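Below: input-v4.pdb (PDB, C-alpha atoms)
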```pdb
ATOM      1  CA  MET A 582       7.083   0.063  11.348
ATOM      2  CA  ILE A 583       4.512  -2.674  11.861
ATOM      3  CA  THR A 584       4.751  -6.437  12.204
ATOM      4  CA  ILE A 585       2.688  -7.997   9.414
ATOM      5  CA  ALA A 586       3.679 -11.618  10.107
ATOM      6  CA  PRO A 587       6.154 -13.350  12.428
ATOM      7  CA  ARG A 588       9.667 -11.987  11.758
ATOM      8  CA  THR A 589       8.229  -9.837   8.954
ATOM      9  CA  LEU A 590       8.053  -6.049   9.325
ATOM     10  CA  PHE A 591       6.647  -3.401   7.027
ATOM     11  CA  VAL A 592       8.232   0.070   6.967
ATOM     12  CA  ASP A 593       6.675   3.182   5.492
ATOM     13  CA  LEU A 594       9.697   4.972   4.033
ATOM     14  CA  GLU A 595       7.831   8.297   4.251
ATOM     15  CA  TYR A 596       9.083   9.370   0.851
ATOM     16  CA  LEU A 597       9.781  13.126   0.756
ATOM     17  CA  GLY A 598       8.308  13.353   4.228
ATOM     18  CA  SER A 599       4.910  12.009   3.180
ATOM     19  CA  PRO A 600       3.479   8.678   4.366
ATOM     20  CA  GLY A 601       1.799   6.113   2.164
ATOM     21  CA  HIS A 602       3.901   6.286  -1.008
ATOM     22  CA  ILE A 603       6.791   3.806  -0.773
ATOM     23  CA  GLY A 604       7.087   0.863   1.593
ATOM     24  CA  THR A 605       9.763  -1.702   2.209
ATOM     25  CA  CYS A 606       9.709  -5.009   4.042
ATOM     26  CA  LEU A 607      12.228  -6.464   6.475
ATOM     27  CA  LEU A 608      12.494 -10.234   6.756
ATOM     28  CA  GLU A 609      14.341 -11.582   9.766
ATOM     29  CA  THR A 610      16.312 -14.651   8.673
ATOM     30  CA  PRO A 611      19.051 -16.759  10.278
ATOM     31  CA  ASP A 612      21.357 -15.345   7.587
ATOM     32  CA  GLY A 613      20.643 -11.744   8.624
ATOM     33  CA  LEU A 614      18.040  -9.168   7.746
ATOM     34  CA  ALA A 615      16.661  -9.195   4.209
ATOM     35  CA  ILE A 616      15.106  -6.091   2.665
ATOM     36  CA  VAL A 617      12.609  -6.268  -0.185
ATOM     37  CA  ASP A 618      12.854  -3.128  -2.375
ATOM     38  CA  PRO A 619      14.826  -0.727  -0.144
ATOM     39  CA  GLY A 620      13.511   2.334  -1.984
ATOM     40  CA  PRO A 621      15.444   5.397  -3.186
ATOM     41  CA  ALA A 622      18.619   6.662  -1.570
ATOM     42  CA  VAL A 623      16.824   9.667  -0.023
ATOM     43  CA  THR A 624      14.860   7.318   2.249
ATOM     44  CA  VAL A 625      17.885   5.522   3.763
ATOM     45  CA  PRO A 626      17.788   7.710   6.926
ATOM     46  CA  ARG A 627      14.176   6.616   7.495
ATOM     47  CA  LEU A 628      15.235   2.987   7.000
ATOM     48  CA  GLN A 629      17.999   3.458   9.559
ATOM     49  CA  ARG A 630      15.523   4.851  12.094
ATOM     50  CA  ALA A 631      13.262   1.845  11.556
ATOM     51  CA  LEU A 632      16.172  -0.512  12.126
ATOM     52  CA  HIS A 633      17.063   1.349  15.305
ATOM     53  CA  ASP A 634      13.484   0.910  16.541
ATOM     54  CA  LEU A 635      13.875  -2.808  15.865
ATOM     55  CA  GLY A 636      17.047  -2.904  17.962
ATOM     56  CA  ALA A 637      19.178  -3.376  14.865
ATOM     57  CA  THR A 638      21.494  -1.322  12.674
ATOM     58  CA  LEU A 639      22.259  -1.115   8.983
ATOM     59  CA  GLN A 640      25.099  -3.566   9.618
ATOM     60  CA  ASP A 641      22.540  -6.288  10.353
ATOM     61  CA  VAL A 642      21.270  -6.135   6.765
ATOM     62  CA  ARG A 643      22.759  -8.950   4.700
ATOM     63  CA  ILE A 644      20.337  -9.388   1.786
ATOM     64  CA  VAL A 645      18.456  -7.173  -0.651
ATOM     65  CA  LEU A 646      15.705  -8.594  -2.856
ATOM     66  CA  VAL A 647      14.872  -6.304  -5.778
ATOM     67  CA  THR A 648      11.612  -6.506  -7.732
ATOM     68  CA  HIS A 649      12.986  -4.134 -10.394
ATOM     69  CA  ILE A 650      15.630  -1.478 -10.729
ATOM     70  CA  HIS A 651      13.498   1.685 -11.015
ATOM     71  CA  LEU A 652      14.793   4.381  -8.670
ATOM     72  CA  ASP A 653      11.816   4.295  -6.296
ATOM     73  CA  HIS A 654      12.443   0.594  -5.694
ATOM     74  CA  ALA A 655      16.197   0.069  -5.937
ATOM     75  CA  GLY A 656      17.856   3.490  -5.953
ATOM     76  CA  ALA A 657      19.334   2.896  -2.485
ATOM     77  CA  VAL A 658      21.018  -0.420  -3.287
ATOM     78  CA  GLY A 659      24.381   1.058  -4.279
ATOM     79  CA  LEU A 660      24.507   3.249  -1.174
ATOM     80  CA  LEU A 661      23.739   0.230   1.011
ATOM     81  CA  ALA A 662      26.364  -1.872  -0.773
ATOM     82  CA  SER A 663      28.985   0.841  -0.202
ATOM     83  CA  GLN A 664      28.399   0.608   3.548
ATOM     84  CA  LEU A 665      27.793  -3.133   3.859
ATOM     85  CA  PRO A 666      30.670  -5.220   2.465
ATOM     86  CA  SER A 667      28.835  -8.526   2.973
ATOM     87  CA  LEU A 668      25.587  -7.451   1.291
ATOM     88  CA  ARG A 669      24.113  -9.780  -1.338
ATOM     89  CA  VAL A 670      21.767  -8.268  -3.922
ATOM     90  CA  PHE A 671      19.297 -10.524  -5.745
ATOM     91  CA  VAL A 672      17.981  -8.987  -8.965
ATOM     92  CA  HIS A 673      16.792 -10.155 -12.379
ATOM     93  CA  GLU A 674      19.659 -10.952 -14.720
ATOM     94  CA  ILE A 675      18.480  -8.294 -17.219
ATOM     95  CA  GLY A 676      18.487  -5.592 -14.553
ATOM     96  CA  ALA A 677      21.774  -6.615 -12.909
ATOM     97  CA  PRO A 678      24.118  -4.782 -15.344
ATOM     98  CA  HIS A 679      22.238  -1.524 -14.706
ATOM     99  CA  LEU A 680      22.958  -1.758 -10.988
ATOM    100  CA  VAL A 681      26.643  -2.307 -11.725
ATOM    101  CA  ASP A 682      26.647   0.671 -14.105
ATOM    102  CA  PRO A 683      23.565   2.843 -13.497
ATOM    103  CA  ALA A 684      24.551   5.526 -16.038
ATOM    104  CA  ARG A 685      21.880   4.615 -18.591
ATOM    105  CA  LEU A 686      19.199   4.322 -15.915
ATOM    106  CA  LEU A 687      20.147   7.729 -14.529
ATOM    107  CA  ARG A 688      20.120   9.330 -17.989
ATOM    108  CA  SER A 689      16.597   8.045 -18.576
ATOM    109  CA  ALA A 690      15.396   9.273 -15.190
ATOM    110  CA  THR A 691      17.021  12.673 -15.742
ATOM    111  CA  MET A 692      15.155  13.062 -19.037
ATOM    112  CA  ILE A 693      11.876  12.498 -17.177
ATOM    113  CA  TYR A 694      12.459  14.425 -13.952
ATOM    114  CA  GLY A 695      15.064  17.015 -14.960
ATOM    115  CA  GLU A 696      18.608  17.268 -13.656
ATOM    116  CA  ALA A 697      17.692  19.967 -11.141
ATOM    117  CA  HIS A 698      15.284  17.619  -9.367
ATOM    118  CA  MET A 699      17.184  14.313  -9.345
ATOM    119  CA  ALA A 700      19.045  14.783  -6.056
ATOM    120  CA  ARG A 701      15.937  15.957  -4.200
ATOM    121  CA  LEU A 702      13.715  13.182  -5.554
ATOM    122  CA  TRP A 703      16.074  10.213  -5.444
ATOM    123  CA  GLY A 704      19.441  11.005  -3.918
ATOM    124  CA  GLU A 705      22.649   9.434  -5.164
ATOM    125  CA  MET A 706      22.389   6.127  -7.014
ATOM    126  CA  ARG A 707      25.787   4.505  -6.599
ATOM    127  CA  PRO A 708      27.079   1.526  -8.598
ATOM    128  CA  VAL A 709      26.810  -1.892  -6.978
ATOM    129  CA  PRO A 710      29.976  -4.021  -7.144
ATOM    130  CA  ALA A 711      29.377  -6.906  -9.534
ATOM    131  CA  ASP A 712      30.587  -9.466  -7.005
ATOM    132  CA  ARG A 713      27.732  -8.527  -4.638
ATOM    133  CA  ILE A 714      25.021  -9.300  -7.201
ATOM    134  CA  ILE A 715      23.263 -12.634  -7.576
ATOM    135  CA  PRO A 716      21.457 -12.570 -10.944
ATOM    136  CA  VAL A 717      18.071 -14.308 -11.064
ATOM    137  CA  GLY A 718      16.602 -15.874 -14.201
ATOM    138  CA  ASP A 719      13.062 -17.097 -14.726
ATOM    139  CA  THR A 720      12.763 -18.617 -11.251
ATOM    140  CA  ALA A 721      14.838 -18.987  -8.107
ATOM    141  CA  ARG A 722      14.569 -20.642  -4.710
ATOM    142  CA  CYS A 723      16.592 -18.771  -2.088
ATOM    143  CA  ASP A 724      17.173 -20.428   1.275
ATOM    144  CA  PHE A 725      18.289 -17.939   3.903
ATOM    145  CA  GLY A 726      19.153 -20.240   6.782
ATOM    146  CA  GLY A 727      15.849 -22.082   6.494
ATOM    147  CA  ARG A 728      13.651 -19.128   5.517
ATOM    148  CA  VAL A 729      12.809 -19.837   1.877
ATOM    149  CA  VAL A 730      11.929 -17.030  -0.505
ATOM    150  CA  ARG A 731      11.058 -17.815  -4.120
ATOM    151  CA  ALA A 732      11.355 -15.567  -7.165
ATOM    152  CA  ALA A 733       9.582 -15.624 -10.508
ATOM    153  CA  ALA A 734      10.070 -13.429 -13.549
ATOM    154  CA  THR A 735       6.990 -11.235 -13.911
ATOM    155  CA  PRO A 736       7.517  -8.934 -16.907
ATOM    156  CA  GLY A 737       4.974  -6.437 -18.190
ATOM    157  CA  HIS A 738       5.775  -3.381 -16.082
ATOM    158  CA  ALA A 739       9.471  -3.857 -16.825
ATOM    159  CA  ARG A 740      11.294  -6.593 -18.731
ATOM    160  CA  HIS A 741      13.426  -7.296 -15.673
ATOM    161  CA  HIS A 742      10.593  -7.394 -13.117
ATOM    162  CA  LEU A 743      10.557 -10.123 -10.454
ATOM    163  CA  ALA A 744       7.983 -11.030  -7.845
ATOM    164  CA  TRP A 745       9.111 -12.627  -4.579
ATOM    165  CA  PHE A 746       7.206 -15.085  -2.404
ATOM    166  CA  ASP A 747       8.076 -15.647   1.246
ATOM    167  CA  GLU A 748       6.977 -19.166   2.145
ATOM    168  CA  GLN A 749       6.974 -18.457   5.881
ATOM    169  CA  SER A 750       4.533 -15.538   5.832
ATOM    170  CA  GLY A 751       2.677 -16.448   2.638
ATOM    171  CA  ILE A 752       3.243 -12.919   1.333
ATOM    172  CA  ALA A 753       4.019 -12.234  -2.327
ATOM    173  CA  PHE A 754       6.000  -9.046  -2.961
ATOM    174  CA  THR A 755       4.676  -7.764  -6.267
ATOM    175  CA  GLY A 756       6.590  -4.553  -6.978
ATOM    176  CA  ASP A 757       4.513  -2.731  -9.598
ATOM    177  CA  VAL A 758       3.372  -5.550 -11.874
ATOM    178  CA  VAL A 759      -0.145  -5.898 -10.428
ATOM    179  CA  GLY A 760      -0.428  -2.188  -9.731
ATOM    180  CA  GLU A 761      -0.537  -0.146  -6.571
ATOM    181  CA  GLN A 762      -2.993   0.300  -3.727
ATOM    182  CA  PHE A 763      -3.609   3.718  -2.191
ATOM    183  CA  PRO A 764      -3.864   4.128   1.584
ATOM    184  CA  GLY A 765      -7.499   4.416   2.546
ATOM    185  CA  ALA A 766      -8.640   2.426  -0.489
ATOM    186  CA  PRO A 767      -7.901  -1.215   0.350
ATOM    187  CA  GLY A 768      -8.326  -3.705  -2.458
ATOM    188  CA  ARG A 769      -8.536  -1.116  -5.254
ATOM    189  CA  ALA A 770      -5.891  -1.960  -7.866
ATOM    190  CA  ILE A 771      -4.388   0.985  -9.752
ATOM    191  CA  PRO A 772      -2.263  -0.007 -12.784
ATOM    192  CA  VAL A 773       1.221   1.503 -13.069
ATOM    193  CA  THR A 774       2.197   1.728 -16.746
ATOM    194  CA  PRO A 775       5.049   4.189 -17.395
ATOM    195  CA  PRO A 776       7.349   3.822 -20.422
ATOM    196  CA  PRO A 777       9.351   2.152 -21.757
ATOM    197  CA  ASP A 778       8.647  -1.547 -21.185
ATOM    198  CA  ILE A 779       4.874  -1.829 -20.733
ATOM    199  CA  ASP A 780       3.398  -4.973 -22.261
ATOM    200  CA  VAL A 781      -0.251  -5.529 -21.405
ATOM    201  CA  PRO A 782      -0.540  -9.286 -22.126
ATOM    202  CA  LEU A 783       2.691  -9.966 -20.242
ATOM    203  CA  MET A 784       1.452  -7.963 -17.272
ATOM    204  CA  VAL A 785      -1.785  -9.939 -17.209
ATOM    205  CA  ALA A 786       0.135 -13.213 -17.425
ATOM    206  CA  SER A 787       2.475 -12.113 -14.621
ATOM    207  CA  GLY A 788      -0.447 -11.416 -12.293
ATOM    208  CA  ARG A 789      -1.765 -14.890 -12.920
ATOM    209  CA  ARG A 790       1.685 -16.360 -12.363
ATOM    210  CA  ILE A 791       1.870 -14.733  -8.933
ATOM    211  CA  LEU A 792      -1.431 -16.363  -8.000
ATOM    212  CA  GLU A 793       0.060 -19.781  -8.775
ATOM    213  CA  TRP A 794       1.941 -19.434  -5.480
ATOM    214  CA  HIS A 795      -1.464 -19.245  -3.719
ATOM    215  CA  PRO A 796      -0.266 -16.290  -1.614
ATOM    216  CA  ALA A 797      -2.163 -15.427   1.537
ATOM    217  CA  ARG A 798      -1.530 -11.718   0.906
ATOM    218  CA  LEU A 799       0.210  -9.423  -1.553
ATOM    219  CA  LEU A 800       2.506  -6.534  -0.753
ATOM    220  CA  PRO A 801       2.978  -4.044  -3.606
ATOM    221  CA  THR A 802       5.754  -1.544  -2.975
ATOM    222  CA  HIS A 803       3.096   1.171  -3.315
ATOM    223  CA  PHE A 804       1.490   0.517  -0.775
ATOM    224  CA  ASP A 805       0.532  -1.802   2.085
ATOM    225  CA  LEU A 806      -0.919  -5.293   2.346
ATOM    226  CA  VAL A 807      -3.540  -6.633  -0.022
ATOM    227  CA  GLN A 808      -5.799  -9.051   1.828
ATOM    228  CA  ASP A 809      -7.559 -10.596  -1.216
ATOM    229  CA  PRO A 810      -4.881 -11.521  -3.769
ATOM    230  CA  ALA A 811      -7.178 -13.096  -6.355
ATOM    231  CA  GLY A 812      -9.665 -10.230  -6.192
ATOM    232  CA  PHE A 813      -6.929  -7.614  -6.455
ATOM    233  CA  VAL A 814      -5.234  -9.262  -9.433
ATOM    234  CA  ALA A 815      -8.593  -9.668 -11.196
ATOM    235  CA  GLU A 816      -9.467  -6.000 -10.628
ATOM    236  CA  HIS A 817      -6.030  -4.938 -11.848
ATOM    237  CA  GLU A 818      -6.462  -6.947 -15.019
ATOM    238  CA  ILE A 819      -9.880  -5.423 -15.744
ATOM    239  CA  ARG A 820      -8.706  -1.849 -15.144
ATOM    240  CA  LEU A 821      -5.445  -2.357 -17.055
ATOM    241  CA  VAL A 822      -7.232  -3.694 -20.141
ATOM    242  CA  HIS A 823      -9.840  -0.928 -19.907
ATOM    243  CA  TRP A 824      -7.223   1.850 -19.703
ATOM    244  CA  SER A 825      -5.198   0.202 -22.449
ATOM    245  CA  ASP A 826      -8.249   0.205 -24.707
ATOM    246  CA  LEU A 827      -8.907   3.886 -23.946
ATOM    247  CA  VAL A 828      -5.359   4.704 -25.029
ATOM    248  CA  ARG A 829      -5.597   2.571 -28.172
ATOM    249  CA  ARG A 830      -8.752   4.356 -29.243
ATOM    250  CA  SER A 831      -7.168   7.765 -28.582
ATOM    251  CA  LEU A 832      -4.204   7.270 -30.894
ATOM    252  CA  PRO A 833      -5.647   7.872 -34.391
ATOM    253  CA  GLY A 834      -5.850  11.549 -35.280
ATOM    254  CA  THR A 835      -3.686  14.645 -35.334
ATOM    255  CA  ARG A 836      -3.723  15.794 -31.707
ATOM    256  CA  SER A 837      -0.392  15.952 -29.876
ATOM    257  CA  ASP A 838       0.682  13.297 -27.404
ATOM    258  CA  ALA A 839       0.661  15.927 -24.663
ATOM    259  CA  ALA A 840      -2.993  16.734 -25.371
ATOM    260  CA  LEU A 841      -3.964  13.071 -25.527
ATOM    261  CA  ALA A 842      -2.155  12.292 -22.278
ATOM    262  CA  GLU A 843      -3.837  15.235 -20.556
ATOM    263  CA  GLU A 844      -7.260  14.144 -21.765
ATOM    264  CA  HIS A 845      -6.621  10.571 -20.616
ATOM    265  CA  ALA A 846      -5.413  11.743 -17.200
ATOM    266  CA  ALA A 847      -8.554  13.833 -16.693
ATOM    267  CA  MET A 848     -10.813  10.955 -17.743
ATOM    268  CA  VAL A 849      -9.103   8.430 -15.495
ATOM    269  CA  ARG A 850      -8.999  10.857 -12.557
ATOM    270  CA  THR A 851     -12.776  11.306 -12.804
ATOM    271  CA  GLU A 852     -13.186   7.528 -12.942
ATOM    272  CA  LEU A 853     -11.008   6.933  -9.899
ATOM    273  CA  GLU A 854     -12.417   9.759  -7.803
ATOM    274  CA  ALA A 855     -15.837   8.178  -8.210
ATOM    275  CA  LEU A 856     -14.437   4.808  -7.138
ATOM    276  CA  LEU A 857     -12.038   5.697  -4.322
ATOM    277  CA  PRO A 858     -12.809   7.088  -0.878
ATOM    278  CA  GLU A 859     -12.087  10.799  -0.636
ATOM    279  CA  ALA A 860      -9.152  10.148   1.717
ATOM    280  CA  ALA A 861      -7.342   8.383  -1.128
ATOM    281  CA  HIS A 862      -7.770  11.166  -3.693
ATOM    282  CA  ARG A 863      -4.602  12.930  -2.579
ATOM    283  CA  TYR A 864      -2.538  10.021  -3.896
ATOM    284  CA  LEU A 865      -3.792  10.628  -7.427
ATOM    285  CA  SER A 866      -1.049  12.370  -9.368
ATOM    286  CA  ASP A 867      -1.662  13.887 -12.781
ATOM    287  CA  ASP A 868       1.996  13.220 -13.623
ATOM    288  CA  MET A 869       1.469   9.542 -12.873
ATOM    289  CA  LEU A 870      -1.732   9.368 -14.918
ATOM    290  CA  ARG A 871      -0.104  11.096 -17.889
ATOM    291  CA  SER A 872       2.870   8.744 -17.572
ATOM    292  CA  ASN A 873       0.487   5.794 -17.664
ATOM    293  CA  TRP A 874      -0.848   7.076 -21.003
ATOM    294  CA  ASP A 875       2.720   7.413 -22.314
ATOM    295  CA  GLY A 876       3.560   3.813 -21.435
ATOM    296  CA  LEU A 877       0.384   2.360 -22.917
ATOM    297  CA  ALA A 878       0.682   4.486 -26.072
ATOM    298  CA  ARG A 879       4.233   3.245 -26.530
ATOM    299  CA  TYR A 880       2.975  -0.325 -26.109
ATOM    300  CA  TRP A 881       0.302   0.102 -28.812
ATOM    301  CA  ARG A 882       2.698   1.805 -31.227
ATOM    302  CA  ARG A 883       5.238  -0.944 -30.708
ATOM    303  CA  THR A 884       2.589  -3.621 -31.360
ATOM    304  CA  ALA A 885       0.809  -1.903 -34.221
ATOM    305  CA  THR A 886      -1.014  -5.073 -35.214
ATOM    306  CA  GLY A 887      -2.909  -5.034 -31.924
ATOM    307  CA  PRO A 888      -2.940  -7.362 -28.921
ATOM    308  CA  ARG A 889      -0.946 -10.555 -29.104
TER
END
```
Do you think you could lay out the structure here as C-alpha cells?
Amino acid sequence: MITIAPRTLFVDLEYLGSPGHIGTCLLETPDGLAIVDPGPAVTVPRLQRALHDLGATLQDVRIVLVTHIHLDHAGAVGLLASQLPSLRVFVHEIGAPHLVDPARLLRSATMIYGEAHMARLWGEMRPVPADRIIPVGDTARCDFGGRVVRAAATPGHARHHLAWFDEQSGIAFTGDVVGEQFPGAPGRAIPVTPPPDIDVPLMVASGRRILEWHPARLLPTHFDLVQDPAGFVAEHEIRLVHWSDLVRRSLPGTRSDAALAEEHAAMVRTELEALLPEAAHRYLSDDMLRSNWDGLARYWRRTATGPR
C-alpha cells in the first residue's frame, strides 16, 4: 500500500499471489473509506490486510465506486455488501441490475473461463441488495462529507463503463476504457478490448471525455499511476485504432476465428515486445491478446458498414 496523494492510498491486490495485475484505491473521506474498484472476491483477504496496515478494518468502508461490473473490477462487491450493512455502491445504471442478480454475468464468465476455474480465479460473486446501490447515469457529482468525486459515462470497453474523478487528488480512475499500463513500462497504453461491448469510436470519445476533467494523473485498474494523462490517452487511441484496423483487414477469408486470433496475438506480441522493457514482457498474456481480437472482430461484424 502506498500513499499517492493526501488521504489517497493505492493497494496492489496481488491477484493470485502475483503483484502488478489488479489495483484498488482507498479514499479517506469524512463519510468513511471509499474504495474504487475493489477487485474480485479472491482478493478480499489482501484488501483486509491493507486496511489493517492503515489502522482500519473492513467495517470502516462505507462506499464503493465501480468503473464497471466485470469480475476483476467488481466481483467482490457482493461479498463486501454482505458484511457491511451500511455500504453504498455507486455503479452505472445499466450495470446495476447485474450486481443485484449476477447470474447472467456469471454465466458469461463461466463460458470464457470454464466452471472448474471460476472459484480459483474469482471467488464467490454474491448479489448486492438493491437498496445498497446508487445507480449513476451520464454524469454524477458525489459529495462525501466535502470530498467531491465526479463520475462520467465512458462507454467503449463496456456499455456501462464509468470513469471517476477525485477533485481533491486530481486523479481520474479510468477502469479499462483507456487501456492498461504494465509495471515497468510507464506511459505505455495497452488497449483492453474483450467481447462483447467493444466500440472503437466510443472508446476514443470516452478517453477524450476523461481529459475534459484536466486530471493531474490517471489510475487504470491495471495498473498504477499514469503521470502524463494526455500522452497516455493519445497513445491508447493510436494503438487501439491500429489494432482495430489489423483485425478488420484479417476478417475476409475462410480461416477460422481461432486461427485469426492466434495470428493477431503473435503479431501484437512481437510489436509490444519491441516496444516494452523486458521486465514488462511477463505481463503479456496470449489469452488477453486473443481476447482483444475477439472483441474487435465482434465490433467490426456488428458494424459491417465500417467505422461510424
Which residues match the PyMOL selection byres ((chain A and resi 641) around 10) in the file above, as a ChimeraX atom specification? /A:609,612-615,632,636-640,642-644,665,667-668
Name the residues that the PyMOL selection byres ((chain A and resi 732-746) around 8) picks from the file above, as a VMD selection string, using the file's chain letters and numbers. chain A and resid 646 to 650 672 to 676 717 to 723 730 to 731 747 to 748 751 to 758 773 to 775 777 to 788 790 to 791 794 796
When you draw a straight line from CA of Ala657 (chain A) to CA of Thr624 (chain A), how long is it in Å?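 CA of Ala657 (chain A) sits 7.9 Å away from CA of Thr624 (chain A).
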Evaluate the PyMOL selection byres ((chain A and resi 627-630) around 9) here and jot the selected residues down as a VMD selection string. chain A and resid 592 to 596 605 619 623 to 626 631 to 635 637 to 639
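Of note, CA of Leu590 (chain A) and CA of Leu608 (chain A) are spaced 6.6 Å apart.
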Enter the distance from CA of His795 (chain A) to CA of Gly726 (chain A), in Å, rounded to one decimal. 23.2 Å
Measuring atom to atom with all atoms listed in the file, identify which of A:Ser831, A:Ser866, A:Thr851, A:Gln762 is nearest to His817 (chain A).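 Counting all atoms listed in the file, the residue closest to His817 (chain A) is A:Gln762.
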Would you mind listing what lies within 10 Å of Glu816 (chain A) as a VMD selection string, with all atoms listed in the file counted and same-chain residues fewer than 5 positions away left out? chain A and resid 759 to 760 768 to 772 810 to 811 821
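Here the question is which of A:Pro764, A:Arg829, A:Pro801, A:Leu857 gets nearest to Thr884 (chain A) using all atoms listed in the file, and that residue is A:Arg829.
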Which one is closest to Asp805 (chain A): A:Ala766, A:Leu660, A:Val849, A:Ala655? Count all atoms listed in the file.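 So, comparing all the options, the nearest one is A:Ala766.
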Could you check the closest approach to Gly876 (chain A) for each of A:Leu806, A:Met582, A:Pro776, A:Cys606 and tell me which residue wins, using all atoms listed in the file?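 Smallest separation from Gly876 (chain A) among the options: A:Pro776.
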Which one is closest to Arg798 (chain A): A:Gln749, A:His823, A:Glu852, A:Thr835? Count all atoms listed in the file. A:Gln749
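Close contacts of Tyr864 (chain A), defined as residues with an atom at most 12 Å away when counting only C-alpha atoms, with chain neighbours fewer than 6 positions off set aside, comprise A:Ser599, A:Pro600, A:Gly601, A:His602, A:Ile603, A:Glu761, A:Gln762, A:Phe763, A:Pro764, A:Gly765, A:Ala766, A:Ile771, A:His803, A:Phe804, A:Arg850, A:Leu853, A:Glu854, A:Leu857, A:Pro858, A:Leu870.
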Would you please work out which residue, of A:Ala855, A:Leu832, A:Ala697, A:Val681, is nearest to Trp881 (chain A) when using all atoms listed in the file?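 Between A:Ala855, A:Leu832, A:Ala697, A:Val681, the residue approaching Trp881 (chain A) most closely is A:Leu832.
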Axis-aligned box for region 863-881 of chain A, 3 Å per side, centre and edges in Å as AutoDock Vina command-line options:
```
--center_x -0.2 --center_y 6.8 --center_z -15.7 --size_x 14.8 --size_y 20.2 --size_z 32.2
```
What are the closest atom pairs, with distances in Å to one decimal, for all residues of region 701-763 of chain A lying within 10 Å of region 687-694 of chain A? Consider all atoms listed in the file, order rows by chain and residue number, and present the result as a Markdown table.
```
| residue | atom | partner | partner_atom | distance |
| --- | --- | --- | --- | --- |
| A:Leu702 | CA | A:Tyr694 | CA | 8.6 |
| A:Trp703 | CA | A:Ala690 | CA | 9.8 |
| A:Glu705 | CA | A:Leu687 | CA | 9.8 |
| A:Met706 | CA | A:Leu687 | CA | 8.0 |
```
